[in-house]
Amino acid sequence: MTTDGTDGEERRVREAVQQHARNSAFVEAEKAISAVLSDPGVRAARARVEAAERELGTELCARLQPLQDHYNQAVAEDDAGLLARVYSGKYGRWGRICVLGDGHKAALEEPHWGRNGEGRPIAWVGSAPNDW
């Protein structure tokens, strides 16, 4: 480091440029994602998928509702032991919580099942975007 502090100043400038580049990249990515998601074809496909998930969730409701009841009771009673045995996928951000047992995904016996943010039964296959 020089005595006049130029190394520190250069480092701060590099960090500021890097931060600006990251911010710009995020803004551009958000624009691209918004453009794709607002496409009428994509919106129609999403609506069809959501309708199919609600229909499957309703079909499975009679058989899987006891699992939702156990989950609700565990939440109400703060039963960490039972909650630890519930599937650990990260779906809450997407308005979904799978209430099946933790091993169900490996067994592929059931799709993920629970209730959406509106409280309606829903079933889905695959990972939520933040579960990769």
# chains A, B, ... in the order shown; residues from 1 in each chain; ligands from 1
>>> select_by_dssp(residues="stretch 2-132 of chain A", states="alpha helix (DSSP H)", output="ChimeraX atom specification")
/A:6-38,40-77,80-84,104-107
>>> atom_distance(atom1="atom CA of A:Trp113", atom2="atom CA of A:Ala52")
12.8 Å
>>> closest_residue(among="A:Gly57, A:Gln73, A:Ala84, A:Arg63", to="A:Arg115", atoms="only C-alpha atoms")
A:Gly57
>>> residues_around(residues="A:Ala123", least_positions_apart="3", cutoff="8 Å", atoms="only C-alpha atoms", output="ChimeraX atom specification")
/A:53-54,56-57,60,111-114
>>> residues_around(residues="A:Glu118", least_positions_apart="2", cutoff="10 Å", atoms="only C-alpha atoms", output="PDB file with N, CA and C atoms, in the first residue's frame")
ATOM      1  N   GLY A  95     -46.487 -19.842  -1.398  1.00  0.00           N
ATOM      2  CA  GLY A  95     -47.855 -20.012  -0.924  1.00  0.00           C
ATOM      3  C   GLY A  95     -48.272 -21.455  -0.798  1.00  0.00           C
ATOM      4  N   ARG A  96     -47.294 -22.350  -0.640  1.00  0.00           N
ATOM      5  CA  ARG A  96     -47.587 -23.775  -0.548  1.00  0.00           C
ATOM      6  C   ARG A  96     -46.741 -24.395   0.549  1.00  0.00           C
ATOM      7  N   ARG A 115     -52.062 -27.117   1.051  1.00  0.00           N
ATOM      8  CA  ARG A 115     -53.040 -26.071   0.737  1.00  0.00           C
ATOM      9  C   ARG A 115     -52.292 -24.855   0.246  1.00  0.00           C
ATOM     10  N   ASN A 116     -52.912 -24.136  -0.684  1.00  0.00           N
ATOM     11  CA  ASN A 116     -52.262 -22.938  -1.198  1.00  0.00           C
ATOM     12  C   ASN A 116     -52.526 -21.767  -0.255  1.00  0.00           C
ATOM     13  N   ARG A 120     -56.988 -23.456  -0.229  1.00  0.00           N
ATOM     14  CA  ARG A 120     -57.571 -24.491  -1.079  1.00  0.00           C
ATOM     15  C   ARG A 120     -56.592 -25.651  -1.238  1.00  0.00           C
ATOM     16  N   PRO A 121     -57.096 -26.897  -1.311  1.00  0.00           N
ATOM     17  CA  PRO A 121     -56.198 -28.033  -1.516  1.00  0.00           C
ATOM     18  C   PRO A 121     -55.493 -27.921  -2.860  1.00  0.00           C
TER      19      PRO A 121
END
>>> atom_distance(atom1="atom CA of A:Leu83", atom2="atom CA of A:Glu50")
26.4 Å
>>> residues_around(residues="stretch 66-68 of chain A", least_positions_apart="2", cutoff="7 Å", atoms="only C-alpha atoms", output="VMD selection string")
chain A and resid 64 70 to 72 99 to 100 114
